[in-house]
$ cat target.txt   # compact mmCIF, C-alpha atoms (C1' of nucleotides)
# COMPACT_ATOMS: atom_id res chain seq x y z
CA MET A 26 72.36 -35.04 49.85
CA GLN A 27 72.91 -35.44 53.57
CA ARG A 28 72.72 -39.10 54.43
CA ALA A 29 72.70 -38.18 58.10
CA SER A 30 68.94 -37.88 58.06
CA LEU A 31 68.07 -41.44 59.00
CA PRO A 32 70.42 -42.48 61.81
CA ASP A 33 69.69 -39.29 63.72
CA GLN A 34 66.03 -40.11 64.07
CA PRO A 35 64.98 -41.46 67.43
CA CYS A 36 63.27 -44.40 65.79
CA SER A 37 64.22 -48.05 65.86
CA VAL A 38 62.93 -48.65 62.38
CA ALA A 39 64.97 -45.77 60.98
CA ARG A 40 68.13 -46.87 62.78
CA THR A 41 67.80 -50.37 61.42
CA LEU A 42 67.10 -49.07 57.94
CA ASP A 43 70.31 -47.11 58.17
CA ILE A 44 72.01 -50.50 58.14
CA ILE A 45 69.99 -52.44 55.55
CA GLY A 46 67.70 -49.81 54.10
CA ASP A 47 68.78 -49.73 50.52
CA ARG A 48 68.22 -51.66 47.35
CA TRP A 49 71.07 -54.14 47.83
CA THR A 50 72.29 -54.46 51.39
CA ALA A 51 69.55 -56.79 52.57
CA LEU A 52 70.18 -59.11 49.63
CA VAL A 53 73.91 -59.12 50.30
CA LEU A 54 73.15 -60.06 53.88
CA ARG A 55 70.79 -62.79 52.72
CA ASP A 56 73.53 -64.33 50.59
CA ILE A 57 75.98 -64.26 53.47
CA ALA A 58 73.35 -65.73 55.77
CA ILE A 59 72.85 -68.79 53.59
CA GLY A 60 76.57 -69.27 53.17
CA ILE A 61 77.51 -67.45 49.96
CA SER A 62 80.54 -65.90 51.57
CA ARG A 63 82.91 -64.63 48.89
CA PHE A 64 83.03 -61.40 46.97
CA ASP A 65 82.80 -62.86 43.50
CA ALA A 66 80.15 -65.38 44.48
CA ILE A 67 77.91 -62.68 45.90
CA GLN A 68 78.52 -60.42 42.95
CA GLY A 69 77.74 -63.21 40.53
CA ASP A 70 74.61 -64.26 42.37
CA LEU A 71 73.09 -60.79 42.76
CA GLY A 72 74.47 -59.10 39.68
CA LEU A 73 75.12 -55.79 41.34
CA SER A 74 78.16 -53.73 40.38
CA ARG A 75 81.44 -54.57 42.08
CA LYS A 76 81.81 -51.01 43.28
CA VAL A 77 78.48 -51.05 45.08
CA LEU A 78 79.16 -54.49 46.54
CA THR A 79 82.46 -53.23 47.95
CA GLN A 80 80.66 -50.31 49.57
CA ARG A 81 77.85 -52.45 50.97
CA LEU A 82 80.17 -55.04 52.45
CA ALA A 83 82.24 -52.30 54.10
CA HIS A 84 79.03 -50.80 55.46
CA LEU A 85 77.91 -54.14 56.92
CA VAL A 86 81.34 -54.70 58.45
CA ASP A 87 81.31 -51.16 59.89
CA HIS A 88 78.04 -51.91 61.59
CA ASP A 89 79.32 -55.20 63.01
CA VAL A 90 76.70 -57.19 61.21
CA VAL A 91 79.24 -59.11 59.18
CA VAL A 92 82.92 -59.96 59.70
CA ARG A 93 85.59 -60.25 57.06
CA VAL A 94 87.71 -63.31 57.78
CA ALA A 95 90.91 -64.10 55.89
CA TYR A 96 90.89 -67.74 54.82
CA GLN A 97 94.37 -67.43 53.31
CA ASP A 98 97.20 -64.90 53.18
CA ASN A 99 99.36 -64.47 50.11
CA PRO A 100 97.38 -63.43 48.30
CA PRO A 101 94.87 -62.31 50.93
CA ARG A 102 91.43 -63.84 50.38
CA TYR A 103 88.37 -63.35 52.50
CA ASP A 104 85.12 -64.89 53.65
CA TYR A 105 82.27 -62.77 54.89
CA ARG A 106 80.42 -64.25 57.85
CA MET A 107 77.48 -63.29 60.02
CA THR A 108 78.09 -61.94 63.51
CA GLU A 109 75.74 -62.35 66.46
CA LYS A 110 74.28 -58.95 65.59
CA GLY A 111 73.94 -60.11 62.00
CA ASN A 112 71.93 -63.11 63.12
CA ASP A 113 69.53 -60.81 64.91
CA LEU A 114 69.22 -58.83 61.73
CA ALA A 115 68.45 -62.04 59.88
CA MET A 116 65.08 -62.00 61.63
CA VAL A 117 64.27 -59.05 59.38
CA LEU A 118 65.22 -61.12 56.35
CA LEU A 119 62.93 -63.85 57.61
CA ALA A 120 60.04 -61.39 57.83
CA LEU A 121 60.78 -60.15 54.30
CA GLN A 122 60.83 -63.72 53.07
CA GLN A 123 57.57 -64.70 54.74
CA PHE A 124 55.81 -61.77 53.16
CA GLY A 125 57.24 -62.59 49.74
CA ASP A 126 56.33 -66.28 50.13
CA LYS A 127 52.74 -65.35 50.76
CA TRP A 128 52.19 -62.47 48.36
CA ALA A 129 54.64 -63.05 45.52
CA PHE A 130 54.66 -66.85 45.38
CA GLY A 131 51.25 -67.66 46.79
CA GLY A 132 52.43 -70.38 49.12
CA ALA A 133 54.82 -72.11 46.70
CA PRO A 134 58.02 -70.46 47.89
CA PRO A 135 61.51 -71.01 46.45
CA ILE A 136 62.95 -71.70 49.90
CA GLN A 137 61.48 -73.51 52.90
CA TRP A 138 62.80 -74.08 56.39
CA ARG A 139 63.06 -77.22 58.42
CA HIS A 140 62.93 -76.49 62.12
CA LEU A 141 65.63 -78.62 63.75
CA GLY A 142 63.76 -78.61 67.07
CA CYS A 143 60.74 -80.53 65.81
CA GLY A 144 61.97 -81.68 62.41
CA GLU A 145 58.98 -80.23 60.57
CA ILE A 146 58.93 -77.89 57.60
CA SER A 147 57.46 -74.82 59.16
CA THR A 148 57.07 -71.10 58.95
CA ALA A 149 57.82 -68.61 61.67
CA VAL A 150 54.99 -66.63 63.23
CA ALA A 151 55.21 -63.70 65.61
CA CYS A 152 54.15 -64.45 69.16
CA CYS A 153 53.75 -62.38 72.30
CA ASP A 154 56.70 -63.13 74.58
CA ARG A 155 54.42 -62.85 77.62
CA CYS A 156 51.48 -65.04 76.80
CA GLY A 157 52.82 -66.94 73.80
CA GLU A 158 49.77 -66.20 71.69
CA GLN A 159 50.23 -65.34 68.03
CA VAL A 160 50.29 -61.59 67.31
CA ARG A 161 49.01 -59.85 64.18
CA PRO A 162 48.83 -56.16 63.34
CA GLY A 163 45.94 -54.78 65.35
CA ASP A 164 46.46 -57.20 68.23
CA ALA A 165 48.79 -54.77 69.95
CA ILE A 166 48.85 -51.00 70.34
CA PRO A 167 51.87 -48.72 70.35
CA LEU A 168 52.73 -46.66 73.45
CA ARG A 169 55.46 -44.18 74.33
CA GLY A 170 58.55 -46.06 75.48
CA PRO A 171 61.34 -44.93 77.83
CA SER A 172 63.23 -42.99 75.17
CA PHE A 173 60.33 -41.45 73.27
CA ASP A 174 60.85 -37.78 72.45
CA ASP A 175 57.73 -35.73 71.77
CA GLN A 176 59.77 -32.74 70.63
CA ALA A 177 61.56 -34.73 67.98
CA ALA A 178 58.47 -36.45 66.63
CA PRO A 179 55.32 -34.45 67.39
CA ALA A 180 53.32 -36.13 64.64
CA VAL A 181 54.08 -39.55 66.09
CA GLY A 182 53.14 -38.31 69.55
CA ASP A 183 49.80 -37.10 68.21
CA ALA A 184 49.17 -40.42 66.53
CA LEU A 185 49.93 -42.31 69.75
CA ASP A 186 47.54 -40.05 71.67
CA GLN A 187 44.82 -40.77 69.13
CA ILE A 188 45.31 -44.48 69.53
CA ALA A 189 45.39 -44.19 73.32
CA ALA A 190 42.13 -42.21 73.19
CA VAL A 191 40.41 -44.97 71.23
CA PHE A 192 41.68 -47.84 73.38
CA GLY A 193 41.29 -46.06 76.73
CA MET B 26 69.91 -48.44 35.48
CA GLN B 27 67.41 -51.20 34.93
CA ARG B 28 65.15 -51.31 37.95
CA ALA B 29 63.80 -54.59 36.65
CA SER B 30 66.61 -56.48 38.31
CA LEU B 31 64.95 -57.13 41.65
CA PRO B 32 61.36 -58.12 40.92
CA ASP B 33 62.51 -60.64 38.34
CA GLN B 34 64.50 -62.64 40.83
CA PRO B 35 62.85 -65.82 42.02
CA CYS B 36 63.42 -64.81 45.63
CA SER B 37 60.88 -63.83 48.23
CA VAL B 38 63.25 -61.43 49.90
CA ALA B 39 64.00 -59.65 46.63
CA ARG B 40 60.32 -59.42 45.70
CA THR B 41 59.48 -57.87 49.03
CA LEU B 42 62.40 -55.48 48.79
CA ASP B 43 61.03 -54.37 45.46
CA ILE B 44 58.16 -52.93 47.48
CA ILE B 45 59.89 -51.47 50.53
CA GLY B 46 63.56 -51.79 49.69
CA ASP B 47 64.67 -48.21 49.60
CA ARG B 48 65.69 -45.50 51.94
CA TRP B 49 62.19 -44.09 52.55
CA THR B 50 59.39 -46.46 51.68
CA ALA B 51 59.53 -48.47 54.89
CA LEU B 52 59.39 -45.29 56.95
CA VAL B 53 56.45 -43.99 54.97
CA LEU B 54 54.68 -47.26 55.63
CA ARG B 55 55.54 -47.05 59.32
CA ASP B 56 53.93 -43.61 59.53
CA ILE B 57 50.80 -44.84 57.80
CA ALA B 58 50.73 -47.90 60.06
CA ILE B 59 50.63 -45.79 63.23
CA GLY B 60 48.00 -43.49 61.80
CA ILE B 61 49.89 -40.60 60.24
CA SER B 62 47.76 -40.68 57.16
CA ARG B 63 48.11 -37.40 55.25
CA PHE B 64 50.63 -36.22 52.74
CA ASP B 65 51.81 -33.16 54.60
CA ALA B 66 51.89 -34.93 57.95
CA ILE B 67 54.09 -37.70 56.59
CA GLN B 68 56.30 -35.23 54.79
CA GLY B 69 56.68 -33.13 57.92
CA ASP B 70 57.39 -36.11 60.13
CA LEU B 71 59.99 -37.74 57.91
CA GLY B 72 61.47 -34.67 56.26
CA LEU B 73 61.82 -36.27 52.86
CA SER B 74 61.24 -34.27 49.71
CA ARG B 75 57.67 -33.92 48.50
CA LYS B 76 58.63 -35.27 45.13
CA VAL B 77 59.99 -38.48 46.55
CA LEU B 78 57.03 -38.87 48.90
CA THR B 79 54.67 -38.59 45.94
CA GLN B 80 56.59 -41.32 44.14
CA ARG B 81 56.77 -43.60 47.18
CA LEU B 82 53.09 -43.30 47.98
CA ALA B 83 52.19 -44.07 44.39
CA HIS B 84 54.48 -47.09 44.55
CA LEU B 85 52.83 -48.37 47.73
CA VAL B 86 49.38 -47.87 46.24
CA ASP B 87 50.47 -49.65 43.04
CA HIS B 88 51.49 -52.64 45.10
CA ASP B 89 48.22 -52.68 47.02
CA VAL B 90 49.94 -52.17 50.30
CA VAL B 91 48.23 -48.86 50.94
CA VAL B 92 44.97 -47.33 49.71
CA ARG B 93 44.30 -43.69 48.96
CA VAL B 94 40.92 -42.77 50.39
CA ALA B 95 39.25 -39.43 49.69
CA TYR B 96 37.96 -37.92 52.92
CA GLN B 97 36.48 -34.96 51.06
CA ASP B 98 35.90 -33.83 47.49
CA ASN B 99 36.23 -30.24 46.40
CA PRO B 100 39.05 -29.86 46.83
CA PRO B 101 39.99 -33.54 46.82
CA ARG B 102 41.85 -34.54 49.95
CA TYR B 103 43.13 -37.95 50.84
CA ASP B 104 44.03 -40.30 53.66
CA TYR B 105 46.46 -43.13 53.13
CA ARG B 106 45.48 -46.33 54.92
CA MET B 107 46.91 -49.81 55.27
CA THR B 108 45.40 -52.67 53.31
CA GLU B 109 45.34 -56.30 54.42
CA LYS B 110 48.51 -56.83 52.41
CA GLY B 111 50.00 -53.77 54.09
CA ASN B 112 49.30 -55.25 57.49
CA ASP B 113 51.23 -58.34 56.51
CA LEU B 114 54.07 -56.11 55.43
CA ALA B 115 53.93 -54.42 58.82
CA MET B 116 55.41 -57.61 60.25
CA VAL B 117 58.60 -56.58 58.49
CA LEU B 118 58.44 -53.19 60.19
CA LEU B 119 58.01 -54.99 63.49
CA ALA B 120 61.16 -57.01 62.84
CA LEU B 121 63.06 -53.85 61.92
CA GLN B 122 61.86 -52.23 65.10
CA GLN B 123 62.80 -55.12 67.35
CA PHE B 124 66.31 -55.11 65.99
CA GLY B 125 66.64 -51.35 66.47
CA ASP B 126 65.21 -51.57 69.99
CA LYS B 127 67.87 -54.05 70.95
CA TRP B 128 70.92 -52.75 69.12
CA ALA B 129 70.36 -49.01 68.76
CA PHE B 130 68.50 -48.29 71.99
CA GLY B 131 69.77 -51.08 74.21
CA GLY B 132 66.39 -52.04 75.58
CA ALA B 133 65.06 -48.51 76.19
CA PRO B 134 63.05 -48.15 73.00
CA PRO B 135 61.07 -45.09 71.91
CA ILE B 136 57.95 -47.19 71.25
CA GLN B 137 56.55 -50.19 73.10
CA TRP B 138 53.57 -52.41 72.40
CA ARG B 139 50.78 -53.49 74.66
CA HIS B 140 49.36 -56.82 73.58
CA LEU B 141 45.56 -56.51 73.77
CA GLY B 142 45.19 -60.25 74.24
CA CYS B 143 46.98 -60.41 77.59
CA GLY B 144 47.27 -56.72 78.44
CA GLU B 145 51.02 -56.89 78.98
CA ILE B 146 53.75 -54.77 77.43
CA SER B 147 55.53 -57.32 75.34
CA THR B 148 57.77 -57.94 72.40
CA ALA B 149 57.11 -60.26 69.52
CA VAL B 150 59.30 -63.29 69.05
CA ALA B 151 59.41 -65.68 66.11
CA CYS B 152 57.97 -69.13 66.80
CA CYS B 153 57.70 -72.33 64.81
CA ASP B 154 54.09 -72.66 63.62
CA ARG B 155 54.30 -76.45 64.09
CA CYS B 156 55.68 -76.86 67.59
CA GLY B 157 55.29 -73.34 68.94
CA GLU B 158 58.86 -73.19 70.15
CA GLN B 159 60.82 -69.97 69.68
CA VAL B 160 63.04 -69.93 66.58
CA ARG B 161 66.38 -68.21 66.19
CA PRO B 162 68.81 -68.17 63.26
CA GLY B 163 70.51 -71.54 63.30
CA ASP B 164 67.47 -73.35 64.67
CA ALA B 165 66.20 -74.01 61.18
CA ILE B 166 67.86 -74.94 57.90
CA PRO B 167 66.88 -73.76 54.42
CA LEU B 168 65.75 -76.28 51.79
CA ARG B 169 64.64 -76.04 48.19
CA GLY B 170 60.96 -75.16 48.05
CA PRO B 171 58.39 -75.92 45.32
CA SER B 172 59.39 -73.02 43.10
CA PHE B 173 63.16 -73.11 43.55
CA ASP B 174 65.06 -72.74 40.28
CA ASP B 175 68.62 -74.04 40.21
CA GLN B 176 69.25 -72.52 36.79
CA ALA B 177 68.37 -69.05 37.96
CA ALA B 178 70.36 -69.17 41.17
CA PRO B 179 73.15 -71.73 40.97
CA ALA B 180 75.12 -70.14 43.81
CA VAL B 181 72.13 -70.45 46.11
CA GLY B 182 71.65 -74.06 45.05
CA ASP B 183 75.28 -74.82 45.89
CA ALA B 184 74.91 -73.18 49.28
CA LEU B 185 71.79 -75.24 50.02
CA ASP B 186 73.62 -78.43 49.05
CA GLN B 187 76.45 -77.53 51.39
CA ILE B 188 74.03 -77.04 54.25
CA ALA B 189 72.20 -80.25 53.42
CA ALA B 190 75.53 -82.10 53.42
CA VAL B 191 76.34 -80.87 56.92
CA PHE B 192 72.94 -81.61 58.42
CA GLY B 193 72.36 -84.88 56.60
C1' DC C 8 40.48 -9.38 50.00
C1' DG C 9 44.34 -11.72 51.66
C1' DA C 10 46.21 -15.63 54.16
C1' DG C 11 46.13 -20.47 54.96
C1' DT C 12 45.79 -25.50 53.92
C1' DG C 13 46.36 -29.89 51.52
C1' DA C 14 48.25 -32.28 47.88
C1' DG C 15 51.00 -32.24 44.57
C1' DT C 16 54.30 -30.65 40.33
C1' DT C 17 58.37 -28.45 38.29
C1' DC C 18 63.24 -27.09 37.90
C1' DC C 19 67.91 -27.40 38.88
C1' DC C 20 71.88 -29.41 40.90
C1' DA C 21 74.56 -32.80 43.68
C1' DA C 22 75.06 -37.53 44.98
C1' DA C 23 74.54 -42.48 44.17
C1' DG C 24 74.39 -46.40 41.03
C1' DG C 25 75.68 -49.22 36.80
C1' DA C 26 79.05 -50.99 33.18
C1' DA C 27 83.13 -52.07 31.98
C1' DA C 28 87.89 -51.80 32.14
C1' DC C 29 91.92 -51.99 34.92
C1' DC C 30 95.15 -53.64 38.77
C1' DC C 31 97.68 -56.67 41.86
C1' DG C 32 99.63 -60.93 43.76
C1' DC C 33 99.78 -65.42 43.24
C1' DA C 34 99.24 -70.23 41.11
C1' DC C 35 99.08 -73.31 37.51
C1' DT C 36 100.31 -74.79 32.40
C1' DG C 37 102.78 -75.61 28.41
C1' DC D 15 109.05 -68.11 31.79
C1' DA D 16 105.28 -65.95 29.07
C1' DG D 17 100.41 -66.71 29.20
C1' DT D 18 96.09 -67.52 31.49
C1' DG D 19 93.03 -67.56 35.33
C1' DC D 20 91.28 -66.39 39.95
C1' DG D 21 89.99 -63.56 43.89
C1' DG D 22 89.15 -59.14 45.48
C1' DG D 23 88.93 -55.10 44.63
C1' DT D 24 89.59 -49.76 42.38
C1' DT D 25 88.93 -46.38 38.71
C1' DT D 26 86.54 -43.94 35.10
C1' DC D 27 82.66 -42.38 32.90
C1' DC D 28 77.92 -41.76 32.35
C1' DT D 29 72.95 -42.23 33.74
C1' DT D 30 69.49 -42.06 37.23
C1' DT D 31 67.82 -40.65 41.47
C1' DG D 32 67.16 -37.64 45.40
C1' DG D 33 67.00 -33.09 47.77
C1' DG D 34 65.63 -28.08 48.03
C1' DA D 35 62.84 -24.80 47.07
C1' DA D 36 59.58 -22.48 44.55
C1' DC D 37 55.14 -22.83 42.12
C1' DT D 38 50.20 -24.44 41.24
C1' DC D 39 45.44 -25.23 42.10
C1' DA D 40 41.14 -25.48 44.55
C1' DC D 41 38.91 -24.35 48.19
C1' DT D 42 38.04 -22.19 53.16
C1' DC D 43 38.37 -19.03 56.83
C1' DG D 44 38.57 -14.35 59.00
$ encode --input "target.txt" --output "structure tokens"
Amino acid sequence: MQRASLPDQPCSVARTLDIIGDRWTALVLRDIAIGISRFDAIQGDLGLSRKVLTQRLAHLVDHDVVVRVAYQDNPPRYDYRMTEKGNDLAMVLLALQQFGDKWAFGGAPPIQWRHLGCGEISTAVACCDRCGEQVRPGDAIPLRGPSFDDQAAPAVGDALDQIAAVFG
Amino acid sequence: MQRASLPDQPCSVARTLDIIGDRWTALVLRDIAIGISRFDAIQGDLGLSRKVLTQRLAHLVDHDVVVRVAYQDNPPRYDYRMTEKGNDLAMVLLALQQFGDKWAFGGAPPIQWRHLGCGEISTAVACCDRCGEQVRPGDAIPLRGPSFDDQAAPAVGDALDQIAAVFG
DNA sequence: CGAGTGAGTTCCCAAAGGAAACCCGCACTG
DNA sequence: CAGTGCGGGTTTCCTTTGGGAACTCACTCG
């Protein structure tokens, strides 16, 4: 089983999934994001095996998404904390949560967010960074970007051409 | 291995991951989202085994994220298409992509989006649905929602209390 | 008639995941 | 000063999953 398959793809989604694209990593990151920062606490909360947790934490640290900080020596004990990159990745967790809030809990979610800016309990919506309007699937169309490679992904190229043909 | 572990958790992130939380499902959904709609085309584009693709497609259809539409009978042939629920889930793909664009491609992404509303090439940003301001991790704090269950997730409850203590 | 296409299914083997036990250094406790 | 507990792992063993490749089936095209 060659795990190399994903990171080699010239695709942003695939590259990101190489970091959190398995059954547990995203949940581990979620725990760290809300402040559950120790090995045993995470293991107890999620109920995954200690072996797998060790691997996942090392993976997150490797990818600079999380840092392992000693909070005492003798014996060495550690906290796991988000990095700047990890906070960017937390936007993915937010998207996962919003979907789950809507479709699995029907608007009565287990966790809500208070926006410190305005003080309201709110949800995040995706907005165009140019015009500020809310964006939904179908409101935007995909185009080849600077690093697109037609050789590497001919099927994607074809699909983009189809879309371009429809939308002029 | 009891796969029941994730969907049973009272957590929106976990519930969503039960749908797309493995190595391939999100990529399959991405292909369908951009219009690569047939079995062989998806298999060829992603290079995953046909067996696993069969399983993943069935899983997506089970969860109503994708529909299997016959485009001919005799022999039966099918397109896979996004549902309304699938389009909501595509917001997760968007978040994955934005992260990859920034951290794996350094701003020269393989795919860009043209917002039909304003005509510009843009990126999506998360905004507060109350005040419209852009939201980043740290700009909002998590609180217990209507369906939070302290019994089921004591560690999460503790973490929320800690945060509440800091932010009054 | 033979080759091709689309959508899977089947078989076998290697890799990943789970459970539970073990380990290590230290700090209390009686 | 032996015993117990805690934090953070590692090790062992066994089950499940994933990959590769070949096979099937129904129809079409040349």
$ interface_residues --input "target.txt" --of "chain B" --to "chain C" --cutoff "10 Å" --atoms "all atoms listed in the file" --output "PyMOL selection string"
chain B and resi 26-27+63-66+75-76+78-79+100-103
$ write_last_selection --input "target.txt" --atoms "C-alpha atoms" --output "mmCIF file, in the coordinates of the input"
data_model
loop_
_atom_site.group_PDB
_atom_site.id
_atom_site.type_symbol
_atom_site.label_atom_id
_atom_site.label_comp_id
_atom_site.auth_asym_id
_atom_site.auth_seq_id
_atom_site.Cartn_x
_atom_site.Cartn_y
_atom_site.Cartn_z
ATOM 1 C CA MET B 26 69.910 -48.440 35.480
ATOM 2 C CA GLN B 27 67.410 -51.200 34.930
ATOM 3 C CA ARG B 63 48.110 -37.400 55.250
ATOM 4 C CA PHE B 64 50.630 -36.220 52.740
ATOM 5 C CA ASP B 65 51.810 -33.160 54.600
ATOM 6 C CA ALA B 66 51.890 -34.930 57.950
ATOM 7 C CA ARG B 75 57.670 -33.920 48.500
ATOM 8 C CA LYS B 76 58.630 -35.270 45.130
ATOM 9 C CA LEU B 78 57.030 -38.870 48.900
ATOM 10 C CA THR B 79 54.670 -38.590 45.940
ATOM 11 C CA PRO B 100 39.050 -29.860 46.830
ATOM 12 C CA PRO B 101 39.990 -33.540 46.820
ATOM 13 C CA ARG B 102 41.850 -34.540 49.950
ATOM 14 C CA TYR B 103 43.130 -37.950 50.840
#
$ closest_atom_pairs --input "target.txt" --of "chain D" --to "chain B" --cutoff "7 Å" --atoms "all atoms listed in the file" --output "CSV"
residue,atom,partner,partner_atom,distance
D:DT30,C1',B:Met26,CA,6.6
D:DG33,C1',B:Ser74,CA,6.2
D:DA40,C1',B:Pro100,CA,5.4
D:DC41,C1',B:Pro100,CA,5.7
$ residues_around --input "target.txt" --residues "stretch 117-128 of chain A" --least-positions-apart "6" --cutoff "7 Å" --atoms "only C-alpha atoms (C1' of nucleotides)" --output "number ranges by chain"
A: 55, 134; B: 37-38, 40-41, 113-114, 116-117, 120-121
$ write_last_selection --input "target.txt" --atoms "C-alpha atoms" --output "compact mmCIF listing (two decimals), keeping the file's coordinate frame"
# COMPACT_ATOMS: atom_id res chain seq x y z
CA ARG A 55 70.79 -62.79 52.72
CA PRO A 134 58.02 -70.46 47.89
CA SER B 37 60.88 -63.83 48.23
CA VAL B 38 63.25 -61.43 49.90
CA ARG B 40 60.32 -59.42 45.70
CA THR B 41 59.48 -57.87 49.03
CA ASP B 113 51.23 -58.34 56.51
CA LEU B 114 54.07 -56.11 55.43
CA MET B 116 55.41 -57.61 60.25
CA VAL B 117 58.60 -56.58 58.49
CA ALA B 120 61.16 -57.01 62.84
CA LEU B 121 63.06 -53.85 61.92
$ residues_around --input "target.txt" --residues "A:Val91" --least-positions-apart "6" --cutoff "12 Å" --atoms "all atoms listed in the file" --output "list in words"
Ile44, Ile45, Thr50, Ala51, Val53, Leu54, Arg55, Asp56, Ile57, Ala58, Ser62, Arg81, Leu82, Ala83, His84, Leu85, Asp104, Tyr105, Arg106, Met107, Thr108, Glu109, Lys110, Gly111, Asn112, Asp113, Leu114 and Ala115 of chain A
$ write_last_selection --input "target.txt" --atoms "C-alpha atoms" --output "short mmCIF file (atom, residue, chain, number, x, y, z; two decimals), in the frame of the given file"
data_model
loop_
_atom_site.label_atom_id
_atom_site.label_comp_id
_atom_site.auth_asym_id
_atom_site.auth_seq_id
_atom_site.Cartn_x
_atom_site.Cartn_y
_atom_site.Cartn_z
CA ILE A 44 72.01 -50.50 58.14
CA ILE A 45 69.99 -52.44 55.55
CA THR A 50 72.29 -54.46 51.39
CA ALA A 51 69.55 -56.79 52.57
CA VAL A 53 73.91 -59.12 50.30
CA LEU A 54 73.15 -60.06 53.88
CA ARG A 55 70.79 -62.79 52.72
CA ASP A 56 73.53 -64.33 50.59
CA ILE A 57 75.98 -64.26 53.47
CA ALA A 58 73.35 -65.73 55.77
CA SER A 62 80.54 -65.90 51.57
CA ARG A 81 77.85 -52.45 50.97
CA LEU A 82 80.17 -55.04 52.45
CA ALA A 83 82.24 -52.30 54.10
CA HIS A 84 79.03 -50.80 55.46
CA LEU A 85 77.91 -54.14 56.92
CA ASP A 104 85.12 -64.89 53.65
CA TYR A 105 82.27 -62.77 54.89
CA ARG A 106 80.42 -64.25 57.85
CA MET A 107 77.48 -63.29 60.02
CA THR A 108 78.09 -61.94 63.51
CA GLU A 109 75.74 -62.35 66.46
CA LYS A 110 74.28 -58.95 65.59
CA GLY A 111 73.94 -60.11 62.00
CA ASN A 112 71.93 -63.11 63.12
CA ASP A 113 69.53 -60.81 64.91
CA LEU A 114 69.22 -58.83 61.73
CA ALA A 115 68.45 -62.04 59.88
#
$ closest_residue --input "target.txt" --among "A:Gly163, A:Gln68, A:Gly182, A:His140" --to "chain B" --atoms "all atoms listed in the file"
A:His140
$ residues_around --input "target.txt" --residues "B:Pro135" --least-positions-apart "4" --cutoff "8 Å" --atoms "only C-alpha atoms (C1' of nucleotides)" --output "VMD selection string"
(chain A and resid 35 to 37 169 to 174) or (chain B and resid 126)
$ axis_aligned_box --input "target.txt" --around "stretch 19-31 of chain D" --padding-each-side "8 Å" --output "JSON"
{"center_x": 80.4, "center_y": -54.1, "center_z": 38.9, "size_x": 41.2, "size_y": 42.9, "size_z": 29.1}
$ atom_distance --input "target.txt" --atom1 "atom CA of B:Gly142" --atom2 "atom CA of A:Asp164"
6.9 Å
$ closest_residue --input "target.txt" --among "A:Thr148, A:Gln97, A:Gln34, A:Gln80" --to "chain B" --atoms "all atoms listed in the file"
A:Thr148
$ closest_residue --input "target.txt" --among "A:Pro167, A:Gly69, A:Gly144, A:Gly131" --to "chain B" --atoms "only C-alpha atoms"
A:Pro167
$ closest_residue --input "target.txt" --among "A:Val90, A:Leu71, A:Ile146, A:Ala165" --to "chain B" --atoms "all atoms listed in the file"
A:Ala165
$ atom_distance --input "target.txt" --atom1 "atom CA of B:Cys153" --atom2 "atom CA of A:Ala149"
4.9 Å
$ atom_distance --input "target.txt" --atom1 "atom CA of B:Ala177" --atom2 "atom CA of B:Phe192"
24.4 Å
$ closest_residue --input "target.txt" --among "B:Trp138, B:Ala190, B:Arg93, B:Asp183" --to "chain A" --atoms "only C-alpha atoms"
B:Trp138
$ residues_around --input "target.txt" --residues "B:Arg48" --least-positions-apart "6" --cutoff "9 Å" --atoms "only C-alpha atoms (C1' of nucleotides)" --output "PyMOL selection string"
chain A and resi 31+42-43+45-48
$ closest_residue --input "target.txt" --among "A:Ala95, A:Ala189, A:Leu52, A:Val86" --to "chain B" --atoms "only C-alpha atoms"
A:Leu52
